[in-house]
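J.: Pasting query_6.tsv below, which is TSV, C-alpha atoms.
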```tsv
chain	number	residue	atom	x	y	z
A	1	MET	CA	-82.59	51.19	-69.17
A	2	ASN	CA	-78.94	50.73	-68.33
A	3	GLU	CA	-77.41	48.72	-71.19
A	4	GLN	CA	-74.31	47.73	-69.23
A	5	ILE	CA	-74.02	43.95	-69.04
A	6	TYR	CA	-74.15	42.60	-65.51
A	7	ARG	CA	-72.38	39.33	-64.77
A	8	GLY	CA	-71.51	37.41	-61.67
A	9	LYS	CA	-72.26	38.37	-58.09
A	10	GLU	CA	-75.63	39.70	-57.02
A	11	LEU	CA	-75.12	43.35	-56.11
A	12	GLU	CA	-76.28	45.75	-53.41
A	13	TYR	CA	-75.78	49.52	-53.75
A	14	SER	CA	-72.59	49.32	-51.66
A	15	ASP	CA	-71.04	46.87	-54.15
A	16	ILE	CA	-70.77	49.39	-56.98
A	17	LEU	CA	-69.59	52.90	-57.83
A	18	LEU	CA	-70.80	55.06	-60.71
A	19	VAL	CA	-68.42	56.20	-63.45
A	20	PRO	CA	-68.30	59.97	-64.13
A	21	LYS	CA	-68.63	61.44	-67.63
A	22	TYR	CA	-67.85	64.73	-69.36
A	23	SER	CA	-70.24	67.52	-68.32
A	24	GLN	CA	-71.26	70.84	-69.89
A	25	LEU	CA	-73.41	72.13	-67.04
A	26	ASP	CA	-72.54	75.72	-66.13
A	27	THR	CA	-73.45	74.97	-62.53
A	28	ARG	CA	-74.77	71.93	-60.69
A	29	ASN	CA	-77.72	74.06	-59.58
A	30	ALA	CA	-78.91	73.93	-63.20
A	31	ALA	CA	-79.46	70.18	-63.02
A	32	ASP	CA	-83.12	69.18	-63.18
A	33	THR	CA	-84.21	66.63	-60.54
A	34	SER	CA	-87.93	66.76	-61.30
A	35	PHE	CA	-89.97	63.57	-61.56
A	36	LYS	CA	-93.25	63.24	-63.46
A	37	LEU	CA	-95.99	60.88	-62.37
A	38	GLY	CA	-99.24	61.11	-64.28
A	39	LYS	CA	-100.36	64.74	-64.27
A	40	PHE	CA	-98.03	65.59	-61.39
A	41	SER	CA	-94.46	66.87	-61.50
A	42	PHE	CA	-92.53	66.60	-58.24
A	43	ASN	CA	-89.23	68.26	-57.28
A	44	LEU	CA	-87.55	64.92	-56.61
A	45	PRO	CA	-87.94	61.25	-57.63
A	46	VAL	CA	-87.87	60.49	-53.90
A	47	VAL	CA	-90.75	59.68	-51.56
A	48	PRO	CA	-90.56	59.20	-47.77
A	49	SER	CA	-91.57	55.69	-46.72
A	50	ASN	CA	-95.24	55.26	-45.89
A	51	MET	CA	-94.56	54.37	-42.25
A	52	LYS	CA	-95.89	55.83	-38.98
A	53	THR	CA	-92.41	56.91	-37.88
A	54	VAL	CA	-91.79	58.71	-41.19
A	55	ILE	CA	-94.98	60.46	-42.34
A	56	ASP	CA	-98.16	61.97	-40.89
A	57	ILE	CA	-100.97	64.22	-42.13
A	58	GLU	CA	-99.16	67.46	-41.27
A	59	LEU	CA	-96.05	66.39	-43.18
A	60	CYS	CA	-98.20	65.24	-46.10
A	61	LYS	CA	-99.61	68.76	-46.35
A	62	GLN	CA	-96.14	70.32	-46.00
A	63	LEU	CA	-94.72	68.11	-48.74
A	64	ASP	CA	-97.71	68.74	-50.99
A	65	ASP	CA	-97.46	72.51	-50.53
A	66	ASN	CA	-93.79	72.40	-51.55
A	67	ASN	CA	-94.29	70.09	-54.56
A	68	TYR	CA	-92.75	66.93	-53.11
A	69	PHE	CA	-93.99	63.37	-53.58
A	70	TYR	CA	-95.64	61.82	-50.49
A	71	ILE	CA	-97.68	58.73	-49.58
A	72	MET	CA	-99.65	58.71	-46.33
A	73	HIS	CA	-99.33	55.43	-44.40
A	74	ARG	CA	-102.25	53.00	-43.90
A	75	PHE	CA	-102.01	52.47	-40.15
A	76	ASP	CA	-104.67	54.99	-39.18
A	77	ASN	CA	-108.14	55.12	-40.69
A	78	VAL	CA	-107.64	55.54	-44.46
A	79	PHE	CA	-111.06	57.11	-44.94
A	80	GLU	CA	-110.26	59.74	-42.31
A	81	ALA	CA	-106.86	60.39	-43.90
A	82	VAL	CA	-108.46	61.02	-47.28
A	83	GLN	CA	-111.08	63.23	-45.65
A	84	LYS	CA	-108.41	65.32	-43.90
A	85	LEU	CA	-106.27	65.67	-47.03
A	86	ASN	CA	-109.34	66.80	-48.96
A	87	ASP	CA	-110.25	69.28	-46.22
A	88	LEU	CA	-106.68	70.62	-46.39
A	89	ASN	CA	-107.12	71.15	-50.15
A	90	CYS	CA	-104.07	69.09	-51.06
A	91	ASN	CA	-103.15	69.32	-54.71
A	92	CYS	CA	-102.28	65.61	-54.70
A	93	VAL	CA	-104.16	63.28	-52.34
A	94	SER	CA	-101.94	60.21	-51.89
A	95	VAL	CA	-102.70	57.40	-49.41
A	96	SER	CA	-101.97	53.72	-48.72
A	97	ILE	CA	-104.33	50.80	-48.28
A	98	GLY	CA	-104.08	47.11	-47.49
A	99	VAL	CA	-105.87	44.19	-49.15
A	100	ASN	CA	-108.27	42.93	-46.49
A	101	ARG	CA	-111.97	43.60	-45.96
A	102	ASP	CA	-111.50	46.80	-43.96
A	103	SER	CA	-109.56	48.36	-46.85
A	104	TYR	CA	-112.43	47.67	-49.25
A	105	GLU	CA	-114.90	49.13	-46.75
A	106	GLN	CA	-112.89	52.32	-46.38
A	107	LEU	CA	-112.56	52.68	-50.14
A	108	GLU	CA	-116.31	52.20	-50.48
A	109	ALA	CA	-116.82	55.00	-47.95
A	110	ILE	CA	-114.49	57.24	-49.97
A	111	ILE	CA	-116.53	56.51	-53.11
A	112	LEU	CA	-119.80	57.22	-51.27
A	113	ASN	CA	-118.51	60.58	-50.04
A	114	LYS	CA	-117.02	61.46	-53.45
A	115	TYR	CA	-113.64	62.43	-52.02
A	116	LYS	CA	-110.78	63.27	-54.35
A	117	ILE	CA	-107.99	60.68	-54.33
A	118	ASP	CA	-105.11	60.91	-56.81
A	119	ILE	CA	-102.64	58.18	-55.80
A	120	ILE	CA	-103.53	54.88	-54.13
A	121	THR	CA	-100.67	52.70	-52.87
A	122	ILE	CA	-101.50	49.06	-52.21
A	123	ASP	CA	-98.98	48.35	-49.49
A	124	VAL	CA	-98.16	44.78	-48.50
A	125	ALA	CA	-94.92	42.96	-47.75
A	126	HIS	CA	-95.38	40.30	-50.47
A	127	GLY	CA	-96.96	41.92	-53.50
A	128	HIS	CA	-96.82	38.87	-55.79
A	129	HIS	CA	-100.13	37.72	-54.34
A	130	GLN	CA	-103.64	37.20	-55.63
A	131	LYS	CA	-105.14	39.56	-53.02
A	132	VAL	CA	-103.01	42.39	-54.39
A	133	GLY	CA	-104.12	41.61	-57.94
A	134	ASN	CA	-107.76	41.65	-56.80
A	135	MET	CA	-107.32	44.99	-55.06
A	136	ILE	CA	-105.66	46.56	-58.11
A	137	GLU	CA	-108.63	45.48	-60.23
A	138	PHE	CA	-111.07	46.95	-57.69
A	139	VAL	CA	-109.22	50.27	-57.52
A	140	LYS	CA	-108.91	50.49	-61.31
A	141	LYS	CA	-112.66	49.92	-61.65
A	142	TYR	CA	-113.88	52.37	-59.03
A	143	PHE	CA	-111.04	54.95	-59.12
A	144	PRO	CA	-110.23	55.00	-62.85
A	145	ASN	CA	-108.48	58.38	-62.67
A	146	SER	CA	-106.20	57.46	-59.76
A	147	ILE	CA	-102.58	56.37	-60.09
A	148	VAL	CA	-102.09	52.89	-58.60
A	149	ILE	CA	-98.84	51.97	-56.85
A	150	ALA	CA	-98.46	48.36	-55.70
A	151	GLY	CA	-95.84	46.11	-54.13
A	152	ASN	CA	-93.53	44.91	-52.86
A	153	VAL	CA	-91.93	42.45	-55.27
A	154	GLY	CA	-88.40	41.18	-55.81
A	155	THR	CA	-88.62	39.42	-59.18
A	156	TYR	CA	-89.65	40.25	-62.73
A	157	ASP	CA	-92.40	37.61	-62.50
A	158	GLY	CA	-93.83	39.49	-59.52
A	159	PHE	CA	-93.44	42.80	-61.30
A	160	GLN	CA	-95.16	41.48	-64.42
A	161	PHE	CA	-98.03	40.08	-62.35
A	162	LEU	CA	-98.74	43.52	-60.85
A	163	GLU	CA	-98.23	45.27	-64.18
A	164	ASP	CA	-100.68	42.91	-65.89
A	165	ALA	CA	-103.19	43.56	-63.09
A	166	GLY	CA	-103.01	47.27	-63.90
A	167	ALA	CA	-100.50	48.85	-61.49
A	168	ASP	CA	-98.98	52.10	-62.78
A	169	VAL	CA	-96.00	52.06	-60.39
A	170	ILE	CA	-94.55	48.96	-58.74
A	171	LYS	CA	-92.51	48.91	-55.53
A	172	VAL	CA	-89.41	46.73	-55.84
A	173	GLY	CA	-87.52	45.50	-52.79
A	174	ILE	CA	-87.75	42.47	-50.49
A	175	GLY	CA	-85.71	42.44	-47.30
A	176	SER	CA	-83.43	45.38	-48.08
A	177	GLY	CA	-84.67	48.01	-45.63
A	178	VAL	CA	-82.56	49.21	-42.73
A	179	ILE	CA	-85.16	47.98	-40.24
A	180	CYS	CA	-86.37	44.95	-42.21
A	181	THR	CA	-85.62	41.47	-40.86
A	182	THR	CA	-87.33	39.47	-43.61
A	183	ARG	CA	-84.01	38.08	-44.85
A	184	TYR	CA	-83.19	36.76	-41.40
A	185	LYS	CA	-86.67	35.62	-40.34
A	186	THR	CA	-87.65	33.91	-43.60
A	187	GLY	CA	-84.50	33.46	-45.68
A	188	PHE	CA	-86.10	35.40	-48.57
A	189	GLY	CA	-84.75	38.59	-50.11
A	190	THR	CA	-83.33	40.11	-53.27
A	191	PRO	CA	-80.23	42.37	-53.61
A	192	MET	CA	-81.48	45.81	-54.63
A	193	PHE	CA	-79.08	46.90	-57.37
A	194	SER	CA	-79.14	43.59	-59.25
A	195	THR	CA	-82.89	43.23	-58.83
A	196	LEU	CA	-83.51	46.66	-60.35
A	197	LEU	CA	-81.14	45.88	-63.23
A	198	LYS	CA	-82.94	42.63	-64.00
A	199	ILE	CA	-86.44	44.10	-63.88
A	200	SER	CA	-85.57	47.23	-65.88
A	201	SER	CA	-83.87	45.09	-68.56
A	202	HIS	CA	-87.36	43.92	-69.59
A	203	LYS	CA	-88.33	47.54	-70.40
A	204	PRO	CA	-91.58	47.39	-68.42
A	205	LYS	CA	-94.48	49.78	-69.01
A	206	ALA	CA	-95.08	50.39	-65.30
A	207	LYS	CA	-92.71	52.69	-63.42
A	208	ILE	CA	-90.25	51.15	-60.97
A	209	MET	CA	-90.12	52.42	-57.38
A	210	ALA	CA	-87.01	51.16	-55.56
A	211	ASP	CA	-87.98	50.60	-51.92
A	212	GLY	CA	-85.30	49.95	-49.30
A	213	GLY	CA	-81.57	49.63	-49.05
A	214	CYS	CA	-80.52	53.28	-49.32
A	215	LYS	CA	-77.97	54.08	-46.64
A	216	GLU	CA	-76.32	57.10	-48.30
A	217	PHE	CA	-77.71	59.86	-50.51
A	218	GLY	CA	-75.65	58.50	-53.41
A	219	ASP	CA	-77.66	55.27	-53.29
A	220	ILE	CA	-80.58	57.19	-54.77
A	221	ALA	CA	-78.55	57.89	-57.91
A	222	LYS	CA	-77.41	54.25	-57.97
A	223	ALA	CA	-81.04	53.09	-57.88
A	224	LEU	CA	-81.88	55.36	-60.82
A	225	VAL	CA	-78.85	54.09	-62.75
A	226	ALA	CA	-80.08	50.52	-62.17
A	227	GLY	CA	-83.41	51.39	-63.77
A	228	ALA	CA	-85.64	52.76	-61.01
A	229	ASP	CA	-87.86	55.73	-61.89
A	230	CYS	CA	-88.20	56.83	-58.26
A	231	VAL	CA	-86.98	55.81	-54.82
A	232	MET	CA	-88.71	55.28	-51.47
A	233	VAL	CA	-86.57	56.00	-48.40
A	234	GLY	CA	-87.37	55.74	-44.68
A	235	SER	CA	-84.25	56.26	-42.56
A	236	PHE	CA	-83.30	59.57	-44.19
A	237	PHE	CA	-86.58	61.05	-42.96
A	238	ALA	CA	-87.41	59.15	-39.75
A	239	GLY	CA	-84.47	60.88	-38.08
A	240	CYS	CA	-85.71	64.37	-38.95
A	241	ILE	CA	-86.43	66.46	-35.89
A	242	ASP	CA	-90.01	67.05	-37.11
A	243	SER	CA	-90.74	63.43	-38.11
A	244	PRO	CA	-93.45	61.48	-36.20
A	245	ALA	CA	-90.79	59.15	-34.70
A	246	LYS	CA	-90.35	59.51	-30.94
A	247	HIS	CA	-87.46	61.71	-29.85
A	248	ILE	CA	-85.69	60.14	-26.87
A	249	ASN	CA	-82.30	61.15	-25.47
A	250	GLY	CA	-81.20	62.94	-28.60
A	251	ARG	CA	-82.14	60.11	-30.97
A	252	LYS	CA	-85.20	59.00	-32.91
A	253	GLN	CA	-86.96	55.63	-32.55
A	254	TYR	CA	-87.48	54.24	-36.04
A	255	TYR	CA	-89.64	51.21	-36.80
A	256	GLY	CA	-91.45	49.95	-39.86
A	257	SER	CA	-94.70	48.38	-40.94
A	258	THR	CA	-93.79	44.80	-39.94
A	259	SER	CA	-92.14	45.53	-36.59
A	260	TYR	CA	-93.45	44.39	-33.20
A	261	THR	CA	-94.06	48.04	-32.26
A	262	GLN	CA	-96.41	48.41	-35.22
A	263	LYS	CA	-98.09	44.99	-35.29
A	264	ARG	CA	-98.33	44.13	-31.56
A	265	ASN	CA	-101.10	41.52	-31.77
A	266	LYS	CA	-99.73	39.67	-34.82
A	267	LEU	CA	-96.46	38.38	-33.46
A	268	ASN	CA	-96.25	35.48	-35.91
A	269	PHE	CA	-95.73	37.98	-38.72
A	270	VAL	CA	-93.11	40.30	-37.26
A	271	GLU	CA	-90.41	40.87	-39.88
A	272	GLY	CA	-89.03	44.21	-38.74
A	273	LYS	CA	-87.29	45.82	-35.81
A	274	GLN	CA	-87.09	49.12	-33.96
A	275	ILE	CA	-83.79	50.97	-33.93
A	276	GLU	CA	-82.54	54.30	-32.67
A	277	ILE	CA	-81.09	56.65	-35.27
A	278	ASP	CA	-79.26	59.97	-35.05
A	279	LEU	CA	-81.22	63.18	-35.22
A	280	ALA	CA	-81.39	64.79	-38.64
A	281	PRO	CA	-82.41	68.34	-39.60
A	282	GLU	CA	-85.99	69.31	-40.39
A	283	TYR	CA	-87.76	67.69	-43.32
A	284	ASN	CA	-87.37	70.75	-45.56
A	285	ILE	CA	-83.61	70.86	-44.94
A	286	ARG	CA	-83.24	67.11	-45.49
A	287	LEU	CA	-85.09	67.38	-48.81
A	288	THR	CA	-82.77	70.21	-49.88
A	289	GLU	CA	-79.74	68.08	-48.94
A	290	ILE	CA	-81.01	65.21	-51.07
A	291	GLU	CA	-81.83	67.54	-53.95
A	292	LYS	CA	-78.32	69.04	-53.91
A	293	ALA	CA	-76.74	65.57	-53.78
A	294	LEU	CA	-78.82	64.40	-56.74
A	295	LYS	CA	-77.98	67.54	-58.72
A	296	SER	CA	-74.31	66.71	-58.18
A	297	SER	CA	-74.97	63.14	-59.32
A	298	ILE	CA	-76.51	64.47	-62.53
A	299	SER	CA	-73.47	66.66	-63.09
A	300	TYR	CA	-71.05	63.75	-62.59
A	301	ALA	CA	-73.17	61.71	-65.02
A	302	GLY	CA	-72.52	64.33	-67.68
A	303	CYS	CA	-76.15	65.24	-68.21
A	304	LYS	CA	-78.71	67.88	-67.26
A	305	ASP	CA	-81.61	65.82	-65.92
A	306	LEU	CA	-82.50	62.40	-64.55
A	307	SER	CA	-83.11	60.82	-67.96
A	308	CYS	CA	-79.39	60.42	-68.67
A	309	LEU	CA	-78.68	58.38	-65.55
A	310	SER	CA	-79.96	55.23	-67.26
A	311	ASP	CA	-76.85	55.36	-69.50
A	312	THR	CA	-74.36	55.76	-66.65
A	313	LYS	CA	-71.83	52.96	-66.27
A	314	PHE	CA	-70.85	51.37	-62.96
A	315	ILE	CA	-67.87	49.56	-61.50
A	316	GLN	CA	-68.26	46.43	-59.40
A	317	LEU	CA	-66.06	46.77	-56.30
A	318	LYS	CA	-65.97	43.22	-54.96
```
Take the structure in this file and express it as C-alpha cells.
T.:
Amino acid sequence: MNEQIYRGKELEYSDILLVPKYSQLDTRNAADTSFKLGKFSFNLPVVPSNMKTVIDIELCKQLDDNNYFYIMHRFDNVFEAVQKLNDLNCNCVSVSIGVNRDSYEQLEAIILNKYKIDIITIDVAHGHHQKVGNMIEFVKKYFPNSIVIAGNVGTYDGFQFLEDAGADVIKVGIGSGVICTTRYKTGFGTPMFSTLLKISSHKPKAKIMADGGCKEFGDIAKALVAGADCVMVGSFFAGCIDSPAKHINGRKQYYGSTSYTQKRNKLNFVEGKQIEIDLAPEYNIRLTEIEKALKSSISYAGCKDLSCLSDTKFIQLK
C-alpha cells in the first residue's frame, strides 16, 4: 500500500507524476514484471479487456501459450468458449460470465461436462449488486478451485461487499474507460488514481484489478503505485493489427461491452461508444512494448520487481 498521504482534489492518472529513486539494477532488462495469481505466474500484471473488439479464442490461446494473463469475453456462448479452451489444452482456462439465468445454465453445463475452468470473471457494469454477490456464492460452491474475479466497483463499500461474498480479485473502475460514457449518461463515476488509493488504504485481502483510464503505458505503473495488483486495458490492444476489432481504412473500430454496437436491442442501457483508433503492432509486439515500459518504471522506482512500486511517491500536477 502506498503510504503517501493524499489530500485535496480527486485524481486521475494524468494528474500525477511518479518520483524516481536511486537504483542498483545493472540493466532494466533485469527488472521482474511477473504477476502471481493463485497457482499461476504471468509475465505481466496486465490483462487485455474482456471485450469482443479486444480478445477472441485464438488470442486467448496465443496469450496462454506465451504465459500472459487473459480473460475471454462473455458475449459468445460461455459453455462453448470453455469447451474450446479445454480442447486447445490451455494451461489456464479463463472466461467471463454475467449474472442472469443463462449464465447459471451455462455454468451448470460446464459442471455436467466436467470441463476445467481456472478463472471465472463475473463481469457487470455495476458490481455492488446483490446479483453479483449471489453469483459469487454459486461459483464458490460449485467451482471451489477456481479463482473468482468480480466487478466493477468504484468505492471501498462496493469492494468490501464483493470481498465478503468471496471474490479473489475485484475490478475497480466506474466510468473511466476510453469508450465508456457512464459519467456522461448517468452522472456516476470515480477518478481512477484516487479511487485505487482509497481502496488500497484499507489493506484488503482480495487483489485489486484497475480497469479503465489508461491512456499511456506509464499509467499502468501509476495504477500499481496507487495500490492495484494488476491492470485491465482495452485500447492498447484493440488497435493491434491482429485484434478482433474491424480494420477499416487503416484504423480499428473499438467498442465496449455497453456500447450500442454490442447491445443493439437494449438501447435503454447503452453507456459506451464506438471509436476509431490508430493501428498498433501485433499483440506479441504490443505486449513486449508494455513489458519494456514497465521494466523501465521499476528501474526508475529504484527496485527490482513490482513489489516496490507500492512505496513510490507521486507529485500532484494540478
J.: So how far away is atom CA of A:His202 from atom CA of A:Ala165, in Å?
T.: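 Straight-line distance from atom CA of A:Ala165 to atom CA of A:His202 works out to 17.1 Å.
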J.: Measuring between all atoms listed in the file, which one of A:Thr181, A:Thr186, A:Asn67, A:Ser14 shows the shortest distance to A:Gln274?
T.: A:Thr181
J.: Which residue gives the smallest distance to A:Tyr300 among A:Val46, A:Ile315, A:Ala221, A:Ile136, with all atoms listed in the file counted?
T.: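 Result for the nearest residue to A:Tyr300: A:Ala221.
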J.: Under the rule of at most 12 Å, produce a per-residue listing of stretch 59-99 of chain A near stretch 138-156 of chain A: chain, number, name, the closest pair of atoms, and the distance in Å, as a Markdown table, using all atoms listed in the file.
T.:
```
| residue | atom | partner | partner_atom | distance |
| --- | --- | --- | --- | --- |
| A:Ile71 | CA | A:Ile149 | CA | 10.0 |
| A:Cys92 | CA | A:Ser146 | CA | 10.4 |
| A:Val93 | CA | A:Ser146 | CA | 9.6 |
| A:Ser94 | CA | A:Ile147 | CA | 9.1 |
| A:Val95 | CA | A:Ile149 | CA | 10.0 |
| A:Ser96 | CA | A:Ile149 | CA | 8.9 |
| A:Ile97 | CA | A:Ala150 | CA | 9.8 |
| A:Gly98 | CA | A:Ala150 | CA | 10.0 |
| A:Val99 | CA | A:Phe138 | CA | 10.4 |
```
J.: Only C-alpha atoms, please: the residues just picked out, written as an mmCIF file, keeping the file's coordinate frame.
T.:
```cif
data_model
loop_
_atom_site.group_PDB
_atom_site.id
_atom_site.type_symbol
_atom_site.label_atom_id
_atom_site.label_comp_id
_atom_site.auth_asym_id
_atom_site.auth_seq_id
_atom_site.Cartn_x
_atom_site.Cartn_y
_atom_site.Cartn_z
ATOM 1 C CA ILE A 71 -97.680 58.730 -49.580
ATOM 2 C CA CYS A 92 -102.280 65.610 -54.700
ATOM 3 C CA VAL A 93 -104.160 63.280 -52.340
ATOM 4 C CA SER A 94 -101.940 60.210 -51.890
ATOM 5 C CA VAL A 95 -102.700 57.400 -49.410
ATOM 6 C CA SER A 96 -101.970 53.720 -48.720
ATOM 7 C CA ILE A 97 -104.330 50.800 -48.280
ATOM 8 C CA GLY A 98 -104.080 47.110 -47.490
ATOM 9 C CA VAL A 99 -105.870 44.190 -49.150
#
```
J.: For a test of reading the model, state the distance in Å between atom CA of A:Ala223 and atom CA of A:Asp65, rounded to one decimal.
T.: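 Taking atom CA of A:Ala223 and atom CA of A:Asp65, their separation equals 26.5 Å.
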J.: Applying 6 Å and only C-alpha atoms, which residues near stretch 203-210 of chain A remain after dropping the ones on its own chain fewer than 3 positions away? List them as a list in words.
T.: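 Non-adjacent residues within range: Asp168, Val169, Ile170, Lys171, Val172, Ser200, Ala228, Asp229, Cys230 and Val231 of chain A.
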J.: Within 7 Å of A:Val233, counting all atoms listed in the file, which residues qualify if same-chain residues fewer than 2 places away don't, as a VMD selection string?
T.: chain A and resid 47 to 49 211 to 212 214 231 235 to 236
J.: Only C-alpha atoms, please: the residues just picked out, written as a short mmCIF file (atom, residue, chain, number, x, y, z; two decimals), in the coordinates of the input.
T.:
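Output file again-v1.cif follows:
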```
data_model
loop_
_atom_site.label_atom_id
_atom_site.label_comp_id
_atom_site.auth_asym_id
_atom_site.auth_seq_id
_atom_site.Cartn_x
_atom_site.Cartn_y
_atom_site.Cartn_z
CA VAL A 47 -90.75 59.68 -51.56
CA PRO A 48 -90.56 59.20 -47.77
CA SER A 49 -91.57 55.69 -46.72
CA ASP A 211 -87.98 50.60 -51.92
CA GLY A 212 -85.30 49.95 -49.30
CA CYS A 214 -80.52 53.28 -49.32
CA VAL A 231 -86.98 55.81 -54.82
CA SER A 235 -84.25 56.26 -42.56
CA PHE A 236 -83.30 59.57 -44.19
#
```
J.: Rounded to one decimal, what separation in Å do you get between atom CA of A:Met51 and atom CA of A:Tyr184?
T.: 21.0 Å
J.: Name the residues in contact with A:Glu58 at a cut-off of 10 Å, using all atoms listed in the file, excluding same-chain residues fewer than 5 positions from it; report them as a PyMOL selection string.
T.: chain A and resi 63-64+84-85+88+243-244
J.: For A:Asp15, please output as a PDB file with C-alpha atoms, in the coordinates of the input all residues within 12 Å (counting all atoms listed in the file; exclusion window: fewer than 4 positions along the same chain).
T.:
```
ATOM      1  CA  LYS A   9     -72.260  38.370 -58.090  1.00  0.00           C
ATOM      2  CA  GLU A  10     -75.630  39.700 -57.020  1.00  0.00           C
ATOM      3  CA  LEU A  11     -75.120  43.350 -56.110  1.00  0.00           C
ATOM      4  CA  PRO A 191     -80.230  42.370 -53.610  1.00  0.00           C
ATOM      5  CA  MET A 192     -81.480  45.810 -54.630  1.00  0.00           C
ATOM      6  CA  PHE A 193     -79.080  46.900 -57.370  1.00  0.00           C
ATOM      7  CA  SER A 194     -79.140  43.590 -59.250  1.00  0.00           C
ATOM      8  CA  ASP A 219     -77.660  55.270 -53.290  1.00  0.00           C
ATOM      9  CA  LYS A 222     -77.410  54.250 -57.970  1.00  0.00           C
ATOM     10  CA  PHE A 314     -70.850  51.370 -62.960  1.00  0.00           C
ATOM     11  CA  ILE A 315     -67.870  49.560 -61.500  1.00  0.00           C
ATOM     12  CA  GLN A 316     -68.260  46.430 -59.400  1.00  0.00           C
ATOM     13  CA  LEU A 317     -66.060  46.770 -56.300  1.00  0.00           C
ATOM     14  CA  LYS A 318     -65.970  43.220 -54.960  1.00  0.00           C
TER      15      LYS A 318
END
```
J.: Once 3 Å is added on each side, what centre and edge lengths in Å to one decimal does the axis-aligned box around all listed atoms of stretch 56-61 of chain A have, as JSON?
T.:
```
{"center_x": -98.5, "center_y": 65.4, "center_z": -43.6, "size_x": 10.9, "size_y": 12.8, "size_z": 11.5}
```
J.: Restricting the calculation to only C-alpha atoms: of A:Asn77, A:Gln62, A:Asn86, A:Thr195, which residue gets closest to A:Glu282?
T.: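 Between A:Asn77, A:Gln62, A:Asn86, A:Thr195, the residue approaching A:Glu282 most closely is A:Gln62.
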J.: Which residue out of A:Ala81, A:Arg28, A:Leu279, A:Ser34 has the minimum interatomic distance to A:Ile248 when only C-alpha atoms are used?
T.: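 For A:Ile248, the nearest of the candidates is A:Leu279.
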J.: Would you kindly place N, CA and C atoms on stretch 212-226 of chain A and return the model as a compact mmCIF listing (two decimals), in the frame of the given file?
T.:
```txt
# COMPACT_ATOMS: atom_id res chain seq x y z
N GLY A 212 -86.17 50.57 -50.29
CA GLY A 212 -85.30 49.95 -49.30
C GLY A 212 -83.86 49.88 -49.75
N GLY A 213 -82.98 49.85 -48.77
CA GLY A 213 -81.57 49.63 -49.05
C GLY A 213 -80.72 50.87 -49.17
N CYS A 214 -81.32 52.05 -49.21
CA CYS A 214 -80.52 53.28 -49.32
C CYS A 214 -79.95 53.66 -47.96
N LYS A 215 -78.63 53.69 -47.88
CA LYS A 215 -77.97 54.08 -46.64
C LYS A 215 -77.25 55.42 -46.78
N GLU A 216 -76.97 55.83 -48.01
CA GLU A 216 -76.32 57.10 -48.30
C GLU A 216 -77.11 57.80 -49.40
N PHE A 217 -76.99 59.13 -49.48
CA PHE A 217 -77.71 59.86 -50.51
C PHE A 217 -77.35 59.35 -51.91
N GLY A 218 -76.09 58.98 -52.11
CA GLY A 218 -75.65 58.50 -53.41
C GLY A 218 -76.34 57.24 -53.87
N ASP A 219 -76.94 56.49 -52.93
CA ASP A 219 -77.66 55.27 -53.29
C ASP A 219 -78.90 55.59 -54.11
N ILE A 220 -79.43 56.79 -53.95
CA ILE A 220 -80.58 57.19 -54.77
C ILE A 220 -80.17 57.23 -56.24
N ALA A 221 -79.04 57.86 -56.53
CA ALA A 221 -78.55 57.89 -57.91
C ALA A 221 -78.26 56.48 -58.42
N LYS A 222 -77.69 55.63 -57.56
CA LYS A 222 -77.41 54.25 -57.97
C LYS A 222 -78.70 53.51 -58.34
N ALA A 223 -79.75 53.72 -57.57
CA ALA A 223 -81.04 53.09 -57.88
C ALA A 223 -81.56 53.54 -59.24
N LEU A 224 -81.43 54.83 -59.54
CA LEU A 224 -81.88 55.36 -60.82
C LEU A 224 -81.04 54.82 -61.96
N VAL A 225 -79.74 54.67 -61.74
CA VAL A 225 -78.85 54.09 -62.75
C VAL A 225 -79.25 52.64 -63.04
N ALA A 226 -79.68 51.92 -62.01
CA ALA A 226 -80.08 50.52 -62.17
C ALA A 226 -81.43 50.36 -62.84
```
